[in-house]
Amino acid sequence: MPTESGSCSTARQAKQKRKSHSLSIRRTNSSEQERTGLPREMLEGQDSKLPSSVRSTLLELFGQIEREFENLYIENLELRREIETLNERLAAEGQAIDGAELSKGQLKTKASHSTSQLSQKLKTTYKASTSKIVSSFKTTTSRAVCQLVKEYIGHRDGIWDVSVARTQPVVLGTASADHTALLWSIETGRCLVKYSGHVGSVNSIKFHPSEQLALTASGDQTAHIWRYAVQLPTPQPVADTTICGEDEVECSDKDEPDVDADVSSDCPTIRVPLTSLKSHQGVVIAADWLVGGKQAVTASWDRTANLFDVETAELVHSLTGHDQELTHCCTHPTQRLVVTSSRDTTFRLWDFRDPSIHSVNVFQGHTDTVTSAVFTVGDNVVSGSDDRTVKVWDLRNMRSPIATIRTDSAINRINVCVGQKIIALPHDNRQVRLFDMSGVRLARLPRSSRQGHRRMVCCSAWSEDHPMCNLFTCGFDRQAIGWNINIPALLQEK
């Protein structure tokens with residue numbers, strides 16, 4: 001039939017065009033490679049003040065960019081040919097069914113729909129390729145400003161919390177599901193003190209603002225205050241653990257630190273607390289010192305937070321109002337303010353500045369469990385949630401947040417670098433990201449097959465004054481990690 005012969009000839013012509021165009025593309029690519037190969041060899045041979053490792057990294061990155069854009073160019077040409085072929089086929093079909101009921105407007109709509117699909121495919125391919133290029137730059141930048149310095153390995157179960165002492169000597173504290181809390185030398189990674197007074201999971205640890213006292217909260221429904229005395233060992237030279245030019249890869253949960261040898265068995269063990277705070281009817285999930293250190297607050301799964309007198313261990317106030325279990329509590333560094341977070345999707349601000357009036361404000365803005373809420377300098381509170389968002393609030397206007405950070409994973413116990421106003425976000429997906437108070441992402445801590453957390457990251461803690469490590473993270477892979485964050489370089493890139 002005439003219709004069939006016409007469509008066959010059209011298809012044959014399109015096929016010949018595609019074949020000839022394909023050959024021309026190969027010839028063009030080979031000639032382009034010949035042209036670009038010479039300048040690269042000349043560039044590699046030129047004298048440069050850059051270190052050889054940096055130059056090789058730059059050459060590798062530029063090579064990746066060139067290959068990515070070359071692939072984009074080829075895919076673009078292929079898609080354009082498909083569009084032309086489709087238009088030719090539609091035009092032929094339009095001639096063949098000239099007497100049919102299909103209107104010209106319907107044919108135009110069909111062609112437009114097919115073209116838009118191909119256009120969307122082109123946009124998706126372009127975005128994916130360019131995102132890969134940009135992520136390679138971000139990975140290199142993160143490694144330059146965020147370096148893993150020390151790993152603290154010794155717990156026999158997941159670590160829920162990490163904290164840094166506020167008095168000399170400055171030590172690192174970790175709280176673990178193995179029923180112990182450990183104190184570490186930041187410089188050497190050696191365990192200095194082991195506390196084994198709890199009979200349940202140790203869920204949090206906080207240091208007294210002016211004395212060598214630690215406050216731990218536990219699943220045994222108590223909070224303990226215990227005194228420690230440590231002597232720091234002589235620090236050893238720190239090996240460079242930075243991994244340059246290595247792509248980040250996913251690690252299985254089996255790739256965990258080897259803790260067959262109990263490193264905490266050689267350090268002094270404290271088994272009896274100085275004071276035990278008892279009044280809760282459920283797991284005590286967190287505890288913190290009020291300013292001055294004479295009172296402490298605890299948060300429990302019994303839906304209450306309790307304020308205790310440290311010297312007498314007496315209950316001063318029971319803070320009720322949350323509809324579900326509490327997940328965290330935090331105190332203001334300079335004022336008698338407490339913030340509690342809960343699974344009821346809210347966090348509450350408790351004001352004890354006036355002894356006669358104890359006011360409470362409720363913050364509603366999350367759609368899932370509020371995992372933590374912490375104070376910053378001034379009148380701001382930062383809250384993190386299982387709804388994958390972090391919100392920055394002004395205490396003077398609690399109707400809506402002043403900034404919102406949206407992420408791709410649930411957020412655990414956050415911490416804010418008070419001096420620089422940088423928020424560290426530990427995630428369920430093993431990532432740790434850094435943001436500023438306005439919601440701008442600054443960096444992501446490097447994670448690869450040889451460094452970083454291998455399971456959920458539970459908590460983060462800043463130590464602004466320590467010269468070696470200024471950020472610590474812990475996770476359910478049974479290790480804590482000390483990082484050195486080059487804050488001036490981080491803020492300069494911003």
# chains A, B, ... in the order shown; residues from 1 in each chain; ligands from 1
>>> select_by_dssp(residues="range 200-412 of chain A", states="strand (DSSP E or B)", output="ChimeraX atom specification")
/A:202-207,213-218,222-227,269-270,275-278,284-289,295-300,305-309,315-319,326-331,337-342,346-354,357-364,370-375,380-385,389-394,397,403-406,411
>>> residues_around(residues="range 481-487 of chain A", least_positions_apart="6", cutoff="10 Å", atoms="only C-alpha atoms", output="VMD selection string")
chain A and resid 142 to 153 162 172 186 to 187 189 420 422 442 to 443 445 451 to 453 460 to 464 466 to 475 493
>>> residues_around(residues="Gln221 in chain A", least_positions_apart="4", cutoff="10 Å", atoms="only C-alpha atoms", output="PyMOL selection string")
chain A and resi 198-201+217+277-285+300-302
>>> write_last_selection(atoms="N, CA and C atoms", output="short mmCIF file (atom, residue, chain, number, x, y, z; two decimals), in the first residue's frame")
data_model
loop_
_atom_site.label_atom_id
_atom_site.label_comp_id
_atom_site.auth_asym_id
_atom_site.auth_seq_id
_atom_site.Cartn_x
_atom_site.Cartn_y
_atom_site.Cartn_z
N HIS A 198 25.55 2.37 87.08
CA HIS A 198 24.19 2.17 86.59
C HIS A 198 23.95 0.69 86.27
N VAL A 199 22.68 0.29 86.35
CA VAL A 199 22.30 -1.08 85.98
C VAL A 199 21.46 -1.08 84.71
N GLY A 200 21.43 0.01 84.02
CA GLY A 200 20.73 0.13 82.74
C GLY A 200 21.57 0.94 81.77
N SER A 201 21.05 1.10 80.57
CA SER A 201 21.74 1.88 79.55
C SER A 201 22.00 3.30 80.05
N ALA A 217 22.43 10.05 83.06
CA ALA A 217 21.03 9.59 83.10
C ALA A 217 20.97 8.18 82.55
N LEU A 277 19.76 10.53 92.00
CA LEU A 277 18.51 11.29 91.88
C LEU A 277 17.40 10.33 91.46
N LYS A 278 16.45 10.10 92.38
CA LYS A 278 15.38 9.13 92.15
C LYS A 278 14.02 9.79 92.34
N SER A 279 13.15 9.62 91.37
CA SER A 279 11.75 10.04 91.49
C SER A 279 10.96 9.67 90.26
N HIS A 280 11.65 9.29 89.19
CA HIS A 280 10.96 8.96 87.94
C HIS A 280 10.42 7.53 87.96
N GLN A 281 9.36 7.34 87.16
CA GLN A 281 8.74 6.02 87.02
C GLN A 281 9.02 5.41 85.65
N GLY A 282 10.02 5.93 84.98
CA GLY A 282 10.39 5.42 83.66
C GLY A 282 11.84 5.73 83.36
N VAL A 283 12.26 5.36 82.18
CA VAL A 283 13.64 5.60 81.73
C VAL A 283 13.97 7.08 81.83
N VAL A 284 15.14 7.40 82.40
CA VAL A 284 15.64 8.78 82.40
C VAL A 284 16.51 8.92 81.15
N ILE A 285 16.01 9.69 80.20
CA ILE A 285 16.64 9.75 78.89
C ILE A 285 17.72 10.82 78.80
N SER A 300 12.36 12.28 81.41
CA SER A 300 12.06 10.85 81.50
C SER A 300 10.97 10.44 80.53
N TRP A 301 10.92 9.12 80.31
CA TRP A 301 9.84 8.55 79.51
C TRP A 301 8.51 8.53 80.26
N ASP A 302 8.51 8.90 81.54
CA ASP A 302 7.25 8.99 82.27
C ASP A 302 6.52 10.30 82.00
#
>>> residues_around(residues="range 378-392 of chain A", least_positions_apart="2", cutoff="9 Å", atoms="only C-alpha atoms", output="PyMOL selection string")
chain A and resi 339+341+345+347+365-376+394-396+401-416+423+425+427+437-439
>>> closest_residue(among="A:Ser176, A:Thr57, A:Asn397, A:Gln295", to="His155 in chain A", atoms="only C-alpha atoms")
A:Ser176
>>> residues_around(residues="Arg271 in chain A", least_positions_apart="2", cutoff="10 Å", atoms="only C-alpha atoms", output="ChimeraX atom specification")
/A:180,194-198,226,268-269,273-274
>>> write_last_selection(atoms="C-alpha atoms", output="compact mmCIF listing (two decimals), in the first residue's frame")
# COMPACT_ATOMS: atom_id res chain seq x y z
CA THR A 180 28.88 2.41 81.40
CA LYS A 194 35.12 4.07 83.76
CA TYR A 195 31.83 4.61 85.60
CA SER A 196 29.78 1.44 86.13
CA GLY A 197 27.29 2.50 88.79
CA HIS A 198 24.19 2.17 86.59
CA TRP A 226 29.79 11.13 90.51
CA PRO A 268 40.20 3.20 87.21
CA THR A 269 36.56 2.22 87.76
CA PRO A 273 27.74 7.55 92.83
CA LEU A 274 28.16 10.60 94.99
>>> residues_around(residues="Ala175 in chain A", least_positions_apart="5", cutoff="8 Å", atoms="only C-alpha atoms", output="NGL selection string")
:A and (159-162 or 180-182 or 202-205 or 216)
>>> atom_distance(atom1="CA of Ala229 in chain A", atom2="CA of Gly173 in chain A")
13.2 Å
>>> atom_distance(atom1="CA of Gly292 in chain A", atom2="CA of Val272 in chain A")
24.1 Å
>>> atom_distance(atom1="CA of Thr334 in chain A", atom2="CA of Leu315 in chain A")
22.3 Å
>>> decode(residues="range 449-473 of chain A", atoms="N, CA, C and O atoms", output="PDB file, in the first residue's frame")
ATOM      1  N   SER A 449      35.067   4.365  53.368  1.00  0.00           N
ATOM      2  CA  SER A 449      35.258   3.002  53.859  1.00  0.00           C
ATOM      3  C   SER A 449      36.272   2.939  54.985  1.00  0.00           C
ATOM      4  O   SER A 449      36.333   1.950  55.711  1.00  0.00           O
ATOM      5  N   ARG A 450      37.061   3.993  55.151  1.00  0.00           N
ATOM      6  CA  ARG A 450      38.110   3.969  56.175  1.00  0.00           C
ATOM      7  C   ARG A 450      37.954   5.025  57.257  1.00  0.00           C
ATOM      8  O   ARG A 450      38.785   5.094  58.163  1.00  0.00           O
ATOM      9  N   GLN A 451      36.950   5.852  57.194  1.00  0.00           N
ATOM     10  CA  GLN A 451      36.754   6.844  58.244  1.00  0.00           C
ATOM     11  C   GLN A 451      35.292   7.256  58.306  1.00  0.00           C
ATOM     12  O   GLN A 451      34.554   7.114  57.351  1.00  0.00           O
ATOM     13  N   GLY A 452      34.907   7.760  59.495  1.00  0.00           N
ATOM     14  CA  GLY A 452      33.535   8.176  59.697  1.00  0.00           C
ATOM     15  C   GLY A 452      32.707   7.086  60.353  1.00  0.00           C
ATOM     16  O   GLY A 452      33.174   5.970  60.586  1.00  0.00           O
ATOM     17  N   HIS A 453      31.472   7.420  60.669  1.00  0.00           N
ATOM     18  CA  HIS A 453      30.588   6.478  61.356  1.00  0.00           C
ATOM     19  C   HIS A 453      29.989   5.483  60.378  1.00  0.00           C
ATOM     20  O   HIS A 453      29.689   5.814  59.235  1.00  0.00           O
ATOM     21  N   ARG A 454      29.811   4.262  60.856  1.00  0.00           N
ATOM     22  CA  ARG A 454      29.293   3.179  60.032  1.00  0.00           C
ATOM     23  C   ARG A 454      27.841   2.840  60.346  1.00  0.00           C
ATOM     24  O   ARG A 454      27.247   2.006  59.672  1.00  0.00           O
ATOM     25  N   ARG A 455      27.312   3.436  61.405  1.00  0.00           N
ATOM     26  CA  ARG A 455      25.900   3.259  61.740  1.00  0.00           C
ATOM     27  C   ARG A 455      25.343   4.616  62.182  1.00  0.00           C
ATOM     28  O   ARG A 455      26.025   5.631  62.107  1.00  0.00           O
ATOM     29  N   MET A 456      24.126   4.614  62.678  1.00  0.00           N
ATOM     30  CA  MET A 456      23.442   5.851  63.043  1.00  0.00           C
ATOM     31  C   MET A 456      24.295   6.732  63.951  1.00  0.00           C
ATOM     32  O   MET A 456      24.892   6.253  64.913  1.00  0.00           O
ATOM     33  N   VAL A 457      24.363   8.031  63.636  1.00  0.00           N
ATOM     34  CA  VAL A 457      25.088   8.996  64.471  1.00  0.00           C
ATOM     35  C   VAL A 457      24.093   9.557  65.490  1.00  0.00           C
ATOM     36  O   VAL A 457      23.067  10.135  65.114  1.00  0.00           O
ATOM     37  N   CYS A 458      24.390   9.378  66.771  1.00  0.00           N
ATOM     38  CA  CYS A 458      23.420   9.695  67.823  1.00  0.00           C
ATOM     39  C   CYS A 458      23.552  11.118  68.365  1.00  0.00           C
ATOM     40  O   CYS A 458      22.556  11.722  68.766  1.00  0.00           O
ATOM     41  N   CYS A 459      24.775  11.653  68.412  1.00  0.00           N
ATOM     42  CA  CYS A 459      24.960  12.928  69.108  1.00  0.00           C
ATOM     43  C   CYS A 459      26.198  13.634  68.585  1.00  0.00           C
ATOM     44  O   CYS A 459      27.089  13.019  67.992  1.00  0.00           O
ATOM     45  N   SER A 460      26.238  14.938  68.810  1.00  0.00           N
ATOM     46  CA  SER A 460      27.414  15.749  68.476  1.00  0.00           C
ATOM     47  C   SER A 460      27.662  16.734  69.608  1.00  0.00           C
ATOM     48  O   SER A 460      26.738  17.093  70.345  1.00  0.00           O
ATOM     49  N   ALA A 461      28.913  17.157  69.763  1.00  0.00           N
ATOM     50  CA  ALA A 461      29.267  18.107  70.820  1.00  0.00           C
ATOM     51  C   ALA A 461      30.455  18.936  70.366  1.00  0.00           C
ATOM     52  O   ALA A 461      31.459  18.393  69.883  1.00  0.00           O
ATOM     53  N   TRP A 462      30.349  20.261  70.505  1.00  0.00           N
ATOM     54  CA  TRP A 462      31.435  21.169  70.159  1.00  0.00           C
ATOM     55  C   TRP A 462      32.336  21.409  71.367  1.00  0.00           C
ATOM     56  O   TRP A 462      31.885  21.398  72.509  1.00  0.00           O
ATOM     57  N   SER A 463      33.618  21.621  71.096  1.00  0.00           N
ATOM     58  CA  SER A 463      34.575  22.058  72.106  1.00  0.00           C
ATOM     59  C   SER A 463      35.410  23.164  71.476  1.00  0.00           C
ATOM     60  O   SER A 463      36.414  22.904  70.808  1.00  0.00           O
ATOM     61  N   GLU A 464      34.981  24.386  71.681  1.00  0.00           N
ATOM     62  CA  GLU A 464      35.535  25.506  70.916  1.00  0.00           C
ATOM     63  C   GLU A 464      36.959  25.861  71.311  1.00  0.00           C
ATOM     64  O   GLU A 464      37.698  26.448  70.519  1.00  0.00           O
ATOM     65  N   ASP A 465      37.375  25.508  72.531  1.00  0.00           N
ATOM     66  CA  ASP A 465      38.672  25.953  73.023  1.00  0.00           C
ATOM     67  C   ASP A 465      39.773  24.922  72.851  1.00  0.00           C
ATOM     68  O   ASP A 465      40.940  25.218  73.100  1.00  0.00           O
ATOM     69  N   HIS A 466      39.438  23.696  72.458  1.00  0.00           N
ATOM     70  CA  HIS A 466      40.478  22.677  72.362  1.00  0.00           C
ATOM     71  C   HIS A 466      41.255  22.836  71.059  1.00  0.00           C
ATOM     72  O   HIS A 466      40.659  22.946  69.986  1.00  0.00           O
ATOM     73  N   PRO A 467      42.592  22.844  71.119  1.00  0.00           N
ATOM     74  CA  PRO A 467      43.381  23.108  69.907  1.00  0.00           C
ATOM     75  C   PRO A 467      43.405  21.947  68.926  1.00  0.00           C
ATOM     76  O   PRO A 467      43.675  22.138  67.740  1.00  0.00           O
ATOM     77  N   MET A 468      43.123  20.737  69.401  1.00  0.00           N
ATOM     78  CA  MET A 468      43.252  19.558  68.538  1.00  0.00           C
ATOM     79  C   MET A 468      41.926  19.176  67.884  1.00  0.00           C
ATOM     80  O   MET A 468      41.844  19.013  66.668  1.00  0.00           O
ATOM     81  N   CYS A 469      40.892  19.029  68.685  1.00  0.00           N
ATOM     82  CA  CYS A 469      39.564  18.662  68.182  1.00  0.00           C
ATOM     83  C   CYS A 469      38.550  19.684  68.676  1.00  0.00           C
ATOM     84  O   CYS A 469      38.537  20.012  69.864  1.00  0.00           O
ATOM     85  N   ASN A 470      37.703  20.156  67.790  1.00  0.00           N
ATOM     86  CA  ASN A 470      36.663  21.092  68.219  1.00  0.00           C
ATOM     87  C   ASN A 470      35.256  20.588  67.952  1.00  0.00           C
ATOM     88  O   ASN A 470      34.277  21.282  68.196  1.00  0.00           O
ATOM     89  N   LEU A 471      35.123  19.348  67.448  1.00  0.00           N
ATOM     90  CA  LEU A 471      33.811  18.733  67.284  1.00  0.00           C
ATOM     91  C   LEU A 471      33.939  17.234  67.520  1.00  0.00           C
ATOM     92  O   LEU A 471      34.885  16.596  67.037  1.00  0.00           O
ATOM     93  N   PHE A 472      32.977  16.705  68.286  1.00  0.00           N
ATOM     94  CA  PHE A 472      32.967  15.272  68.578  1.00  0.00           C
ATOM     95  C   PHE A 472      31.610  14.701  68.195  1.00  0.00           C
ATOM     96  O   PHE A 472      30.571  15.342  68.382  1.00  0.00           O
ATOM     97  N   THR A 473      31.628  13.474  67.679  1.00  0.00           N
ATOM     98  CA  THR A 473      30.400  12.779  67.321  1.00  0.00           C
ATOM     99  C   THR A 473      30.466  11.365  67.877  1.00  0.00           C
ATOM    100  O   THR A 473      31.550  10.814  68.094  1.00  0.00           O
TER     101      THR A 473
END
